[in-house]
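Reviewing the structure listed below.
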Amino acid sequence: MVCTFYAGDELGNIKTLRIYEKATPSGSRIQSKTIYDGSADGKRKGIQGIALGSGAVQGRSINTSHADGSVSSLSLSEDGIPNRDHEWQEPRMKPGQRFVGIAAHGRNVYTCTSNGALRKTWADDDNLSLQHAIAALPMRICDWHLAADEKSFIYGGEEVEVSVWDTERAFASELPSVELVSQTSKKRKRSGNLLPGETWRAKNVPNDFLSLRQPVHNTSVTHLDTSSDILAGTIFGNVRRYDTRSGGRPVSNWKGVSKVGGVKLVEKGYHDNEVFVADQGCNLFAVDMRNGRVLYGYKGMSGAVSSVASAPSLLGSVSLDRFFRLHTTKPPPEDAKQRQEEKGEVVDKVYMRSIPTVVVWDVDVPDTDKQKMPVEDDLGEEYDGDADDVWDHMEQTAQRNRKKKTK
Amino acid sequence: MVSGPRFEPSLIKNKVKREDVYRKRKKAKSQDKLQRRLAQAKLEANDPAAKQKRKSENVPHTLDNMREFDPSILTAELEASSSAVPLDVEGAPKTPEDPDPNAQPVNETAADIASDDFAAYFESVLDPTVPPKVLITTGFKATKVTYDFCDELSTIFPGAEFIRRKKGKGFEMGKIAMWAGARGYTNLCVVNEDQKKPNAIIVVHLPNGPTAYFKLTSIDNSKRIPGHAKATTHYPELVLNGFVTRLGHAVGRMFQTLFPPMPEFQGRQVVTLHNQRDFLFFRRHRYAFRSPEKVALQEIGPRFTLKLRWLTKGIPAVQHMGEPAKKLRFDTDEPNDQAPQVAEQVEKCEDAKGASRQLVQPPRQNEYLWIWKPELETTRRTFFL
């Protein structure tokens, strides 16, 4: 087995998708299995986000946010049977709103809704009772993303500029009152514009040639290599790269990346300088981070991509046409000006029976299958089960491999 | 006459002779075929079982019956092979991990269908005697041909109402769908025209979508059908043929919601939507029982052909490009007087009868559930509906 993806769907089911190196007797490289059946409630408890964390006791924990405002935490036992550990409700989520972000780091689970209800939840030492901390973010958020080190998070939305917050200060600060926000129209100091807890906020791009203000509508944000490097996609088809160390304006603004409608999601790829951009139609592109050029697009997609998850040399995507697709990815050329020789393609797909909404890649691989991971042996020993370390090592090996090939 | 096992008339150099030989051969061949057929017919007249046997064995290969396997075909339950088989290929574990507690849900597709946007119609909560309200309109600039076609369309759906499309900004399809949904319409049909001919129909299911765009071709008005019957106002029966995949079912169910759930059989009218190779053929007939064995069919019309081009989630999108910038604000508990900002946010609106309906805001972007692209048709045997 190469790797595992977890997918959630509109009916509240959670499925595992195991990817094998060769086709199984069913003729597919993908083996799909429903590990949690939530379809009894119909679409009421549809899954809107999945975050994998290390389990409370051992193994994997799957944290899912649902359309009815509930968040549940399942732990997977050794034989893959899920047990529900905790479930809690986000009372601030109103009808018509949705979860825009869920993240797990250590024992903490963060959830954020589109009306700005941010919540941190963690279990006590005895794993019985839950502790909560809440914070308020602006309304109309479209995407929320936690940094890998948990110290900051970013969000963006409709008329909500991309913004970086300090996690600790966000939860420490009191809930902002309405008056505070309404003051923003008056002349104030520059630094006073930031909300308590906010460390950086993007500035809108300059007015267009008719000196009209450009509307702001970020649909998807993601961190690149460092937490100061941010990528955002807009509903008008632009992909913008921000560096929080160099002012508020985007360091690069690529127009017209999406072909049908706006950008639906941006996701960092596994290789260097590689990001994946999906539009509202049914296109998924690999884009070179250095110059914003489309390296290649995937063929044979018939529905809008709702979520992608990148794994080493593979990419999993789920789309509204009820398919999970497995893609190969190819590294961008060494020099940005060179042309991309190899193109990624869709290698397999599996019908999911209901509309999948989110897919995540499981970093951890069960011990029995570890030797089959495409990593070098000397690094294989250094696995200690920590998610971040696994990430780091994989990144290095990927680079090393590529350099060897080019020499 | 020259003859031989491999003789070809085309080798004869004299034209008159060549044509003569060719004609004779052709005639002999067709006579031979006719004799065989007559003999076979005679034989089968005495023995109907032989005819049955020949018919069952001699099935022609068509693109339709050789279609490529699509995992979303609803009859194809590959449950056993796709998930529950223990694997013994190299690279796959020999799974001891499929014990009974991991039994896969078998009715997942049924649950998916039962929770889709058309479920309200099929749960028979509606009054079967009240036809679903269908709003028919045109694109912004329509001509007489389109209006005539719309008039015919509105005779097909018992609850149809044709309203001319209002001109100008603010009458986008998404807005119309929003209002129509709040006024209790269940479907919106928009007939588009190009070069003064109707070329597309957009069907929107209300209030929450989905929206389907069909290419519209081969329109024959009732008048042009020789010997056509006259339509009555009875609720027609509905025949939906050949929708096999999940996408096909979505389209079929969408058409079903245009008609009253209970037909009036005394009207003897049938509306057919026949899917063949992804083309949807629309026909309307009246049947009559001439004798207990014999049924006669008379076409009412109109005829037209549809082909699905795309299907989107939700009602059509409306973009608000020029609206003023909204301020950054926090969600407070008190109800705000500002219009809801998030796509598809719902409000309550009071109906004339006092029943509260949901006013569904159009989204900012269309999300394509399915879109036709030439690259999807990898072979001529690939079909989607």
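Labels used: A, B, ... for chains in the order of the structure tokens, numbers from 1 for residues in each chain, and numbers from 1 for ligands as shown.
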
What's the 8 Å shell around A:Gly256, counting only C-alpha atoms, without same-chain residues fewer than 2 positions away, as an MDAnalysis selection string?
chainID A and resid 236:238 254 258:259

List as a PDB file with N, CA, C and O atoms, in the first residue's frame the protein and nucleic acid residues near A:Tyr242, meaning an atom at most 9 Å away when only C-alpha atoms are counted, but skip any in the same chain fewer than 6 places from it.
ATOM      1  N   VAL A 162      -7.097  38.904   3.086  1.00  0.00           N
ATOM      2  CA  VAL A 162      -6.287  37.858   3.705  1.00  0.00           C
ATOM      3  C   VAL A 162      -5.625  38.441   4.947  1.00  0.00           C
ATOM      4  O   VAL A 162      -5.105  39.558   4.919  1.00  0.00           O
ATOM      5  N   ALA A 202      -3.648  41.909   4.510  1.00  0.00           N
ATOM      6  CA  ALA A 202      -3.306  42.263   3.136  1.00  0.00           C
ATOM      7  C   ALA A 202      -3.997  43.556   2.756  1.00  0.00           C
ATOM      8  O   ALA A 202      -5.033  43.926   3.321  1.00  0.00           O
ATOM      9  N   SER A 228       4.988  32.697   6.650  1.00  0.00           N
ATOM     10  CA  SER A 228       4.853  34.072   6.170  1.00  0.00           C
ATOM     11  C   SER A 228       4.510  34.118   4.687  1.00  0.00           C
ATOM     12  O   SER A 228       4.277  35.175   4.132  1.00  0.00           O
ATOM     13  N   ASP A 229       4.498  32.978   4.061  1.00  0.00           N
ATOM     14  CA  ASP A 229       4.272  32.907   2.619  1.00  0.00           C
ATOM     15  C   ASP A 229       2.852  32.376   2.391  1.00  0.00           C
ATOM     16  O   ASP A 229       2.542  31.254   2.781  1.00  0.00           O
ATOM     17  N   ILE A 230       2.010  33.195   1.798  1.00  0.00           N
ATOM     18  CA  ILE A 230       0.584  32.859   1.715  1.00  0.00           C
ATOM     19  C   ILE A 230       0.138  32.917   0.265  1.00  0.00           C
ATOM     20  O   ILE A 230       0.559  33.794  -0.487  1.00  0.00           O
ATOM     21  N   LEU A 231      -0.721  32.001  -0.094  1.00  0.00           N
ATOM     22  CA  LEU A 231      -1.291  31.991  -1.433  1.00  0.00           C
ATOM     23  C   LEU A 231      -2.804  32.090  -1.296  1.00  0.00           C
ATOM     24  O   LEU A 231      -3.400  31.427  -0.441  1.00  0.00           O
ATOM     25  N   ALA A 232      -3.414  32.923  -2.119  1.00  0.00           N
ATOM     26  CA  ALA A 232      -4.869  33.090  -2.047  1.00  0.00           C
ATOM     27  C   ALA A 232      -5.443  33.065  -3.455  1.00  0.00           C
ATOM     28  O   ALA A 232      -4.827  33.563  -4.398  1.00  0.00           O
ATOM     29  N   GLY A 248       1.661  44.902   2.526  1.00  0.00           N
ATOM     30  CA  GLY A 248       0.350  44.282   2.438  1.00  0.00           C
ATOM     31  C   GLY A 248      -0.065  43.873   1.046  1.00  0.00           C
ATOM     32  O   GLY A 248      -0.932  43.036   0.870  1.00  0.00           O
ATOM     33  N   ARG A 249       0.553  44.493   0.044  1.00  0.00           N
ATOM     34  CA  ARG A 249       0.174  44.181  -1.334  1.00  0.00           C
ATOM     35  C   ARG A 249       0.737  42.819  -1.727  1.00  0.00           C
ATOM     36  O   ARG A 249       1.776  42.408  -1.225  1.00  0.00           O
ATOM     37  N   PRO A 250       0.075  42.121  -2.632  1.00  0.00           N
ATOM     38  CA  PRO A 250       0.603  40.812  -3.032  1.00  0.00           C
ATOM     39  C   PRO A 250       1.942  40.954  -3.756  1.00  0.00           C
ATOM     40  O   PRO A 250       2.136  41.895  -4.521  1.00  0.00           O
ATOM     41  N   VAL A 251       2.872  40.012  -3.491  1.00  0.00           N
ATOM     42  CA  VAL A 251       4.150  40.051  -4.196  1.00  0.00           C
ATOM     43  C   VAL A 251       3.964  39.603  -5.636  1.00  0.00           C
ATOM     44  O   VAL A 251       4.712  40.000  -6.518  1.00  0.00           O
ATOM     45  N   SER A 252       2.986  38.756  -5.884  1.00  0.00           N
ATOM     46  CA  SER A 252       2.653  38.469  -7.279  1.00  0.00           C
ATOM     47  C   SER A 252       1.160  38.229  -7.380  1.00  0.00           C
ATOM     48  O   SER A 252       0.539  37.691  -6.461  1.00  0.00           O
ATOM     49  N   ASN A 253       0.606  38.667  -8.493  1.00  0.00           N
ATOM     50  CA  ASN A 253      -0.832  38.589  -8.711  1.00  0.00           C
ATOM     51  C   ASN A 253      -1.047  38.052 -10.110  1.00  0.00           C
ATOM     52  O   ASN A 253      -0.837  38.745 -11.087  1.00  0.00           O
TER      53      ASN A 253
END

Show me, as a VMD selection string, the residues of chain A whose atoms get within 8 Å of chain B, using only C-alpha atoms for the distance check.
chain A and resid 1 11 20 to 22 24 to 26 31 to 35 37 39 to 40 42 to 43 79 to 81 95 to 97 115 to 116 136 to 140 159 to 160 176 to 178 181 to 182 215 235 261 to 262 280 to 282 299 to 304 320 to 321 350 to 351 353 to 354 372

What's the 12 Å shell around A:Val308, counting only C-alpha atoms, without same-chain residues fewer than 3 positions away, as a PyMOL selection string?
chain A and resi 5-7+264-270+275-278+284-286+304-305+311+314-319+324-327+356-361

Alpha helix (DSSP H) call set, DSSP backbone run, stretch 82-216 of chain A, as a VMD selection string
chain A and resid 167 to 172 178 to 182

Please, which residues of stretch 110-346 of chain A, numbered as in this document, come out strand (DSSP E) from DSSP, as a ChimeraX atom specification?
/A:110-113,117-123,130-136,141-146,152-157,160-166,198-201,218-223,229-234,239-243,252-254,263-268,274-279,284-288,294-297,305-311,314-319,323-328,346

As a VMD selection string, please: the residues near stretch 190-194 of chain B (cut-off 7 Å, only C-alpha atoms, same-chain neighbours under 4 positions excluded).
chain B and resid 136 to 139 142 146 198 to 203
